[in-house]
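structure-v3.tsv (TSV, C-alpha atoms) appears below.
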```tsv
chain	number	residue	atom	x	y	z
A	1	MET	CA	-66.78	-6.74	89.22
A	2	ARG	CA	-65.49	-4.77	86.18
A	3	LYS	CA	-61.71	-4.89	85.84
A	4	ARG	CA	-59.97	-1.56	85.33
A	5	VAL	CA	-57.69	-1.17	82.35
A	6	PRO	CA	-54.49	0.75	83.10
A	7	LEU	CA	-54.37	4.19	81.48
A	8	ALA	CA	-51.23	3.38	79.46
A	9	THR	CA	-52.82	0.18	78.15
A	10	ALA	CA	-56.00	2.04	77.19
A	11	PHE	CA	-53.98	4.66	75.36
A	12	LEU	CA	-52.08	1.96	73.46
A	13	MET	CA	-55.36	0.28	72.47
A	14	ILE	CA	-56.69	3.56	71.11
A	15	LEU	CA	-53.52	4.06	69.07
A	16	CYS	CA	-53.78	0.53	67.71
A	17	LEU	CA	-57.43	0.97	66.79
A	18	GLY	CA	-56.61	4.29	65.14
A	19	GLY	CA	-53.76	2.66	63.26
A	20	PHE	CA	-56.03	-0.15	62.15
A	21	SER	CA	-58.61	2.39	60.99
A	22	SER	CA	-55.95	4.32	59.04
A	23	LEU	CA	-54.60	1.10	57.56
A	24	LEU	CA	-58.11	0.04	56.58
A	25	THR	CA	-58.72	3.43	54.93
A	26	LEU	CA	-55.38	3.21	53.14
A	27	ASN	CA	-56.05	-0.31	51.91
A	28	ILE	CA	-59.50	0.70	50.61
A	29	ALA	CA	-57.96	3.68	48.79
A	30	GLU	CA	-55.23	1.48	47.31
A	31	LEU	CA	-57.80	-1.10	46.29
A	32	THR	CA	-59.93	1.57	44.61
A	33	THR	CA	-56.92	2.98	42.75
A	34	THR	CA	-55.75	-0.48	41.71
A	35	ARG	CA	-59.24	-1.41	40.53
A	36	ALA	CA	-59.52	1.83	38.47
A	37	PHE	CA	-56.08	1.20	36.97
A	38	ALA	CA	-56.99	-2.39	36.16
A	39	GLN	CA	-60.25	-1.29	34.54
A	40	THR	CA	-58.35	1.21	32.38
A	41	GLY	CA	-55.81	-1.48	31.53
A	42	SER	CA	-58.50	-3.89	30.48
A	43	PHE	CA	-60.12	-1.09	28.48
A	44	TYR	CA	-57.00	-0.63	26.35
A	45	LYS	CA	-56.49	-4.33	25.73
A	46	ASN	CA	-57.11	-5.21	22.05
A	47	LYS	CA	-57.90	-1.55	21.31
A	48	THR	CA	-56.38	0.75	18.67
A	49	ILE	CA	-55.35	4.32	19.49
A	50	LYS	CA	-55.36	6.78	16.61
A	51	ILE	CA	-53.05	9.82	16.37
A	52	ILE	CA	-54.46	12.62	14.21
A	53	VAL	CA	-51.65	14.74	12.71
A	54	GLY	CA	-52.68	18.18	11.50
A	55	SER	CA	-50.12	18.35	8.69
A	56	THR	CA	-48.92	16.39	5.68
A	57	PRO	CA	-46.69	13.28	5.84
A	58	GLY	CA	-42.93	13.70	6.00
A	59	GLY	CA	-42.68	16.67	8.37
A	60	PHE	CA	-41.54	16.54	11.97
A	61	TYR	CA	-45.08	16.41	13.39
A	62	ASP	CA	-45.71	13.32	11.29
A	63	ARG	CA	-42.34	11.76	12.12
A	64	TRP	CA	-42.83	12.31	15.84
A	65	ALA	CA	-46.34	10.84	15.71
A	66	ARG	CA	-45.04	7.69	14.06
A	67	LEU	CA	-42.12	7.35	16.47
A	68	LEU	CA	-44.38	7.77	19.50
A	69	ALA	CA	-46.89	5.33	17.99
A	70	GLN	CA	-44.10	2.77	17.99
A	71	TYR	CA	-43.01	3.20	21.63
A	72	MET	CA	-45.99	4.48	23.67
A	73	PRO	CA	-47.76	1.07	23.61
A	74	ARG	CA	-44.94	-0.35	25.76
A	75	TYR	CA	-46.12	1.83	28.64
A	76	ILE	CA	-49.90	1.59	28.35
A	77	PRO	CA	-51.68	-1.21	30.25
A	78	GLY	CA	-53.23	-3.59	27.76
A	79	ASN	CA	-50.58	-2.79	25.10
A	80	PRO	CA	-52.94	-1.23	22.50
A	81	SER	CA	-51.90	-0.78	18.87
A	82	PHE	CA	-51.42	2.68	17.35
A	83	VAL	CA	-52.17	4.12	13.90
A	84	VAL	CA	-51.34	7.56	12.51
A	85	GLN	CA	-53.77	9.53	10.33
A	86	ASN	CA	-52.80	12.77	8.59
A	87	MET	CA	-55.50	15.43	8.49
A	88	PRO	CA	-53.87	18.52	6.90
A	89	GLY	CA	-55.55	21.77	6.02
A	90	GLY	CA	-55.99	25.28	7.34
A	91	GLY	CA	-52.75	25.18	9.28
A	92	SER	CA	-54.20	22.38	11.46
A	93	LEU	CA	-57.60	24.02	11.91
A	94	ILE	CA	-59.32	21.01	10.34
A	95	ALA	CA	-57.58	18.59	12.71
A	96	ALA	CA	-58.09	20.79	15.79
A	97	ASN	CA	-61.80	21.25	15.04
A	98	TYR	CA	-62.19	17.51	14.51
A	99	LEU	CA	-60.53	16.72	17.83
A	100	PHE	CA	-62.65	19.26	19.68
A	101	LEU	CA	-66.05	18.68	18.06
A	102	GLN	CA	-66.14	15.17	16.62
A	103	ALA	CA	-63.56	12.86	18.15
A	104	SER	CA	-64.85	10.68	20.95
A	105	PRO	CA	-63.35	11.55	24.38
A	106	ASP	CA	-62.65	7.90	25.14
A	107	GLY	CA	-58.87	8.00	25.31
A	108	LEU	CA	-58.53	6.32	21.92
A	109	THR	CA	-57.97	9.46	19.84
A	110	LEU	CA	-54.85	11.60	20.25
A	111	GLY	CA	-54.08	14.71	18.26
A	112	MET	CA	-50.95	16.56	17.17
A	113	PRO	CA	-52.11	19.95	15.83
A	114	ASN	CA	-49.71	22.74	14.93
A	115	ASN	CA	-48.45	24.73	17.89
A	116	SER	CA	-49.89	27.92	16.36
A	117	ILE	CA	-53.56	27.00	16.74
A	118	TYR	CA	-53.84	29.11	19.90
A	119	ILE	CA	-53.43	32.22	17.73
A	120	ASP	CA	-56.55	31.30	15.74
A	121	GLN	CA	-58.49	31.22	18.98
A	122	LEU	CA	-57.00	34.39	20.48
A	123	VAL	CA	-57.87	36.52	17.48
A	124	GLY	CA	-61.34	35.05	17.15
A	125	ARG	CA	-61.07	33.41	13.75
A	126	SER	CA	-64.49	32.12	12.76
A	127	GLN	CA	-63.03	28.80	11.54
A	128	ALA	CA	-61.60	28.04	14.99
A	129	SER	CA	-64.31	26.08	16.83
A	130	PHE	CA	-62.07	24.88	19.66
A	131	ARG	CA	-60.79	26.18	22.99
A	132	ILE	CA	-57.18	25.29	23.66
A	133	GLU	CA	-57.61	25.46	27.43
A	134	LYS	CA	-60.29	22.74	27.21
A	135	PHE	CA	-58.06	20.28	25.38
A	136	LEU	CA	-56.27	17.92	27.73
A	137	TRP	CA	-52.57	18.23	26.97
A	138	ILE	CA	-50.49	15.04	26.99
A	139	GLY	CA	-47.01	16.44	26.41
A	140	SER	CA	-44.45	17.68	23.90
A	141	GLN	CA	-40.97	16.56	22.85
A	142	GLU	CA	-39.30	19.96	22.98
A	143	LYS	CA	-39.76	23.71	22.98
A	144	LEU	CA	-39.46	25.06	19.46
A	145	ASN	CA	-37.34	28.08	18.65
A	146	MET	CA	-37.70	29.43	15.15
A	147	VAL	CA	-35.28	30.93	12.66
A	148	LEU	CA	-35.98	33.20	9.71
A	149	ALA	CA	-34.11	31.45	6.89
A	150	MET	CA	-33.49	33.35	3.65
A	151	ARG	CA	-32.22	32.13	0.28
A	152	SER	CA	-28.54	33.10	0.24
A	153	ASP	CA	-28.69	34.16	-3.43
A	154	GLY	CA	-31.11	36.97	-2.56
A	155	PRO	CA	-30.31	40.59	-1.69
A	156	TYR	CA	-31.26	40.32	1.99
A	157	LYS	CA	-28.28	39.56	4.19
A	158	SER	CA	-29.43	40.84	7.60
A	159	ALA	CA	-32.41	42.16	9.50
A	160	ALA	CA	-31.12	45.70	8.98
A	161	GLU	CA	-31.14	45.22	5.17
A	162	ILE	CA	-34.71	43.91	5.24
A	163	ILE	CA	-35.80	46.89	7.34
A	164	LYS	CA	-34.26	49.30	4.81
A	165	ALA	CA	-35.41	47.39	1.68
A	166	LYS	CA	-37.90	49.08	-0.66
A	167	THR	CA	-39.31	45.68	-1.67
A	168	PRO	CA	-39.92	43.25	1.20
A	169	PRO	CA	-39.00	39.57	0.71
A	170	LYS	CA	-41.73	36.95	0.23
A	171	CYS	CA	-41.97	34.24	2.88
A	172	GLY	CA	-43.86	31.00	2.34
A	173	GLU	CA	-46.03	29.95	5.26
A	174	SER	CA	-48.55	27.35	6.37
A	175	GLY	CA	-51.02	28.04	9.16
A	176	ALA	CA	-50.54	31.03	11.44
A	177	ASP	CA	-46.79	31.51	10.87
A	178	ASN	CA	-47.69	34.89	9.35
A	179	VAL	CA	-48.12	36.09	12.92
A	180	LEU	CA	-44.32	36.02	13.16
A	181	ALA	CA	-44.08	38.29	10.15
A	182	GLY	CA	-46.55	40.69	11.76
A	183	MET	CA	-44.65	40.54	15.04
A	184	LEU	CA	-41.40	41.54	13.30
A	185	GLU	CA	-43.08	44.55	11.73
A	186	GLU	CA	-44.66	45.46	15.08
A	187	THR	CA	-41.41	45.19	17.04
A	188	LEU	CA	-38.69	46.14	14.52
A	189	GLY	CA	-40.38	47.68	11.49
A	190	LEU	CA	-39.15	44.67	9.48
A	191	LYS	CA	-41.63	43.97	6.67
A	192	ILE	CA	-42.25	40.60	5.05
A	193	ILE	CA	-44.85	39.62	2.45
A	194	SER	CA	-46.55	36.44	3.66
A	195	VAL	CA	-47.45	33.90	0.97
A	196	THR	CA	-49.99	31.53	2.52
A	197	GLY	CA	-52.18	28.65	1.40
A	198	TYR	CA	-49.61	25.86	1.60
A	199	GLN	CA	-50.96	22.70	3.24
A	200	GLY	CA	-47.78	21.90	5.11
A	201	GLY	CA	-44.08	22.51	5.54
A	202	SER	CA	-43.04	20.21	2.70
A	203	GLU	CA	-44.98	22.35	0.22
A	204	VAL	CA	-43.32	25.50	1.55
A	205	ASP	CA	-39.91	23.86	1.10
A	206	LEU	CA	-40.69	23.18	-2.57
A	207	ALA	CA	-41.79	26.79	-3.07
A	208	LEU	CA	-38.55	27.98	-1.50
A	209	GLU	CA	-36.47	25.68	-3.71
A	210	ARG	CA	-38.31	26.81	-6.87
A	211	GLY	CA	-37.82	30.46	-5.99
A	212	GLU	CA	-41.52	31.24	-5.57
A	213	VAL	CA	-40.58	32.66	-2.17
A	214	GLN	CA	-37.29	33.89	-0.74
A	215	CYS	CA	-37.67	32.87	2.89
A	216	ARG	CA	-39.60	30.97	5.52
A	217	PHE	CA	-39.79	30.61	9.27
A	218	ILE	CA	-38.61	27.18	10.34
A	219	SER	CA	-37.86	25.54	13.66
A	220	ILE	CA	-34.17	25.27	14.45
A	221	THR	CA	-34.64	21.53	14.92
A	222	ILE	CA	-35.87	21.18	11.33
A	223	ARG	CA	-33.27	23.66	10.03
A	224	PHE	CA	-30.50	21.28	11.08
A	225	GLY	CA	-32.42	18.02	11.39
A	226	ARG	CA	-33.99	16.87	8.12
A	227	GLU	CA	-33.88	17.09	4.37
A	228	PRO	CA	-33.80	19.18	2.34
A	229	TYR	CA	-32.25	21.40	5.01
A	230	ILE	CA	-29.28	19.11	5.70
A	231	SER	CA	-28.29	19.23	2.02
A	232	TRP	CA	-29.13	22.92	1.79
A	233	HIS	CA	-26.87	23.61	4.76
A	234	GLN	CA	-23.97	21.84	3.05
A	235	LYS	CA	-24.56	23.91	-0.09
A	236	ALA	CA	-25.01	27.16	1.87
A	237	PHE	CA	-28.38	27.51	0.14
A	238	LEU	CA	-29.83	29.48	3.07
A	239	ARG	CA	-28.78	32.42	5.20
A	240	ASP	CA	-30.10	32.72	8.78
A	241	ILE	CA	-31.40	36.20	9.58
A	242	LEU	CA	-32.74	36.01	13.14
A	243	GLN	CA	-33.95	33.50	15.73
A	244	THR	CA	-36.81	33.66	18.23
A	245	GLY	CA	-35.30	32.16	21.38
A	246	ASP	CA	-34.34	34.35	24.32
A	247	LYS	CA	-30.81	32.92	23.96
A	248	ARG	CA	-28.83	32.09	20.85
A	249	ASP	CA	-28.87	28.45	19.86
A	250	GLN	CA	-25.37	26.96	19.75
A	251	GLN	CA	-25.93	26.05	16.09
A	252	LEU	CA	-26.72	29.70	15.32
A	253	ALA	CA	-24.18	31.45	17.50
A	254	GLU	CA	-23.73	34.29	14.99
A	255	THR	CA	-27.45	34.85	14.38
A	256	PRO	CA	-29.13	37.52	16.57
A	257	THR	CA	-32.27	36.78	18.55
A	258	ILE	CA	-35.41	38.87	18.28
A	259	PHE	CA	-34.62	40.08	21.81
A	260	ASP	CA	-31.16	41.24	20.73
A	261	LEU	CA	-32.77	43.22	17.93
A	262	MET	CA	-35.53	44.65	20.12
A	263	ASP	CA	-32.84	45.97	22.46
A	264	GLU	CA	-30.94	47.41	19.50
A	265	TYR	CA	-34.03	49.12	18.05
A	266	ARG	CA	-35.46	50.14	21.46
A	267	THR	CA	-38.80	48.42	20.98
A	268	PRO	CA	-41.61	49.86	23.21
A	269	GLN	CA	-42.91	47.77	26.12
A	270	LEU	CA	-46.37	47.09	24.63
A	271	SER	CA	-44.80	45.70	21.46
A	272	ARG	CA	-42.47	43.59	23.58
A	273	GLY	CA	-45.53	42.21	25.36
A	274	VAL	CA	-47.07	41.26	22.02
A	275	ALA	CA	-43.84	39.49	21.07
A	276	GLN	CA	-43.78	37.59	24.35
A	277	VAL	CA	-47.34	36.32	23.82
A	278	ILE	CA	-46.73	35.31	20.22
A	279	LEU	CA	-43.45	33.58	20.96
A	280	ALA	CA	-44.89	31.80	24.00
A	281	GLY	CA	-46.79	29.58	21.60
A	282	TYR	CA	-43.57	27.97	20.47
A	283	ARG	CA	-43.14	26.69	24.00
A	284	PHE	CA	-45.82	24.19	23.00
A	285	GLY	CA	-43.28	22.47	20.75
A	286	ARG	CA	-45.11	19.74	18.82
A	287	PRO	CA	-47.82	18.98	21.35
A	288	MET	CA	-50.11	16.01	21.77
A	289	VAL	CA	-53.67	16.47	23.08
A	290	VAL	CA	-56.84	14.48	23.70
A	291	PRO	CA	-60.41	15.79	23.32
A	292	PRO	CA	-62.15	17.59	26.19
A	293	GLY	CA	-64.02	15.27	28.52
A	294	THR	CA	-61.54	12.40	28.32
A	295	ALA	CA	-61.53	10.53	31.65
A	296	GLN	CA	-58.76	11.67	33.98
A	297	ASP	CA	-57.49	8.15	34.66
A	298	ARG	CA	-56.91	7.66	30.92
A	299	VAL	CA	-55.31	11.10	30.61
A	300	LYS	CA	-52.95	10.16	33.44
A	301	ILE	CA	-51.97	6.88	31.77
A	302	LEU	CA	-51.39	8.58	28.42
A	303	ARG	CA	-49.30	11.35	29.98
A	304	GLU	CA	-47.16	8.85	31.84
A	305	ALA	CA	-46.76	6.64	28.76
A	306	TYR	CA	-45.77	9.69	26.70
A	307	LEU	CA	-42.99	10.72	29.08
A	308	LYS	CA	-41.77	7.15	29.59
A	309	ALA	CA	-41.61	6.65	25.82
A	310	LEU	CA	-39.48	9.79	25.48
A	311	HIS	CA	-37.03	8.30	28.00
A	312	ASP	CA	-37.00	4.89	26.30
A	313	SER	CA	-33.45	4.06	25.22
A	314	ASP	CA	-34.65	2.60	21.91
A	315	LEU	CA	-36.66	5.73	21.08
A	316	LEU	CA	-33.71	7.94	22.02
A	317	ARG	CA	-31.47	5.89	19.72
A	318	ASP	CA	-33.92	6.25	16.83
A	319	ALA	CA	-34.36	9.97	17.53
A	320	ARG	CA	-30.59	10.55	17.46
A	321	LYS	CA	-30.31	8.76	14.12
A	322	ALA	CA	-33.09	10.96	12.71
A	323	ARG	CA	-31.62	14.13	14.29
A	324	MET	CA	-34.76	14.63	16.33
A	325	VAL	CA	-34.23	16.58	19.55
A	326	VAL	CA	-35.76	15.16	22.75
A	327	MET	CA	-36.45	17.64	25.57
A	328	PRO	CA	-39.70	16.33	27.11
A	329	ILE	CA	-42.35	18.76	28.38
A	330	PRO	CA	-45.05	17.26	30.66
A	331	GLY	CA	-48.70	17.72	29.82
A	332	GLU	CA	-49.39	19.57	33.07
A	333	GLU	CA	-46.98	22.35	32.01
A	334	LEU	CA	-48.68	22.68	28.63
A	335	GLN	CA	-52.09	22.75	30.32
A	336	GLU	CA	-50.97	25.73	32.40
A	337	LEU	CA	-49.48	27.44	29.34
A	338	ALA	CA	-52.76	27.09	27.44
A	339	LYS	CA	-54.60	28.72	30.33
A	340	ASP	CA	-52.07	31.57	30.56
A	341	LEU	CA	-52.22	32.31	26.84
A	342	THR	CA	-55.99	32.71	26.92
A	343	ASP	CA	-55.83	35.09	29.89
A	344	GLN	CA	-54.10	38.12	28.38
A	345	PRO	CA	-54.68	41.90	28.73
A	346	ARG	CA	-57.16	43.24	26.20
A	347	GLU	CA	-54.71	45.72	24.68
A	348	VAL	CA	-52.23	42.92	23.91
A	349	ILE	CA	-54.92	40.79	22.24
A	350	ASP	CA	-56.15	43.83	20.28
A	351	ARG	CA	-52.63	44.43	19.00
A	352	VAL	CA	-52.23	40.76	17.99
A	353	GLN	CA	-55.59	40.92	16.19
A	354	LYS	CA	-54.43	44.07	14.39
A	355	ILE	CA	-51.22	42.34	13.33
A	356	LEU	CA	-53.12	39.45	11.76
A	357	LYS	CA	-55.68	41.65	10.02
A	358	GLU	CA	-52.89	43.59	8.38
```
Could you spell out this file's structure in structure tokens?
Amino acid sequence: MRKRVPLATAFLMILCLGGFSSLLTLNIAELTTTRAFAQTGSFYKNKTIKIIVGSTPGGFYDRWARLLAQYMPRYIPGNPSFVVQNMPGGGSLIAANYLFLQASPDGLTLGMPNNSIYIDQLVGRSQASFRIEKFLWIGSQEKLNMVLAMRSDGPYKSAAEIIKAKTPPKCGESGADNVLAGMLEETLGLKIISVTGYQGGSEVDLALERGEVQCRFISITIRFGREPYISWHQKAFLRDILQTGDKRDQQLAETPTIFDLMDEYRTPQLSRGVAQVILAGYRFGRPMVVPPGTAQDRVKILREAYLKALHDSDLLRDARKARMVVMPIPGEELQELAKDLTDQPREVIDRVQKILKE
């Protein structure tokens, strides 16, 4: 005769079986994740990761690449070695094209192109063979706000004087920095003659020192963080005309922002929209990317290693000594920014294209 099981006991058995099933599922999932992590870890063992820098040695992109190359291995399973390779030219177009078209998406090639490469894509430059939204973004150290720095021995002492000047000043630029000059004319009627063709920031600095140009756009971090700007600051060699952040940097408390000036000159809404798009690119900071198609588990490890390195006490010590600002931006945020920048109203893109053609 079959023995009846009490209802409460039966219910408890069902719960236990369900719990066992859930536990079994959880353990399988954990095992799968652990196995994938272990496989990635074993992949990186005895490997070398290369960082491609889209500018010349000595600048902040290069310095950040070398600092990260020193500390990221601590946080990557397998402890791979790192090397840095400079690939200047075309304002980082050469490096960006290489990363997009030629570099293997195996998690062993990282890139640090200039933050302005998105402009080349937005305006449809024929040399730009990449899509920024298809890169996989690893992270950035900080958001970059720019300052228009002018030789103090020149006749231009303020934005108002440049607007009224019969002869515009000449600004040395590398890459797509001339978009800032176009933006200032679009929003304020402030004209600047862009002198391009320099391979990197160091060459622009030399041109500024020799008097070939009177001004340049420079990140505030560089303005107060490396030579020759530290020495130039002590000598009052430069005068700061305006800055691009929505708030004044504490080091430039007396220097107006572009938003201050747009309010003063009653800039129309469409032009303000163009400014917002152009300036959004500086939110990229000095970004690190990997080629499209890189496996997500390797992207995850690289993103985590990047952020952990930027919180490493030894890296922070070295960064402070070198006057390098650390305000980490996760790769997921940059990925979203890249998508947003490529999804703009047609009239805004047309106006940006017009600015660059002029």
Env of segment 340-346 of chain A: 12 Å cut, atoms = all atoms listed in the file, seq-sep filter 3 positions within chain, self excluded. Answer as a PyMOL selection string.
chain A and resi 116-124+131-134+270+273-274+276-284+333-337+349-353
Just want the 10 Å neighbourhood of Asp153 of chain A, counted on all atoms listed in the file, with same-chain residues fewer than 2 positions away dropped. Output as a PDB file with C-alpha atoms, keeping the file's coordinate frame.
```pdb
ATOM      1  CA  MET A 150     -33.490  33.350   3.650  1.00  0.00           C
ATOM      2  CA  ARG A 151     -32.220  32.130   0.280  1.00  0.00           C
ATOM      3  CA  PRO A 155     -30.310  40.590  -1.690  1.00  0.00           C
ATOM      4  CA  TYR A 156     -31.260  40.320   1.990  1.00  0.00           C
ATOM      5  CA  LYS A 157     -28.280  39.560   4.190  1.00  0.00           C
ATOM      6  CA  GLN A 214     -37.290  33.890  -0.740  1.00  0.00           C
ATOM      7  CA  ALA A 236     -25.010  27.160   1.870  1.00  0.00           C
ATOM      8  CA  PHE A 237     -28.380  27.510   0.140  1.00  0.00           C
ATOM      9  CA  LEU A 238     -29.830  29.480   3.070  1.00  0.00           C
ATOM     10  CA  ARG A 239     -28.780  32.420   5.200  1.00  0.00           C
TER      11      ARG A 239
END
```
Min atom-atom distance to Arg286 of chain A from the set A:Glu304, A:Asp106, A:Glu142, A:Glu347, counting all atoms listed in the file, belongs to A:Glu142
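With only C-alpha atoms as the atoms that count, the minimum distance from Lys300 of chain A to the choices A:Pro328, A:Gly139, A:Gly78, A:Gly225 is reached by A:Gly139.
Going from atom CA of Asp249 of chain A over to atom CA of His311 of chain A, you cover 23.2 Å.
Between atom CA of Leu315 of chain A and atom CA of Ala95 of chain A there is a distance of 25.9 Å.
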Kindly extract all protein, DNA and RNA residues lying within 9 Å of the coordinates (-41.0, 26.7, 9.1) given in the file, considering all atoms listed in the file, and supply them as a ChimeraX atom specification.
/A:146-149,172-174,177,201,204-205,216-220,222-223
Could you pull the residues within 10 Å of Glu254 of chain A, counting all atoms listed in the file, minus those fewer than 6 positions along the same chain, as a ChimeraX atom specification?
/A:240-242,248
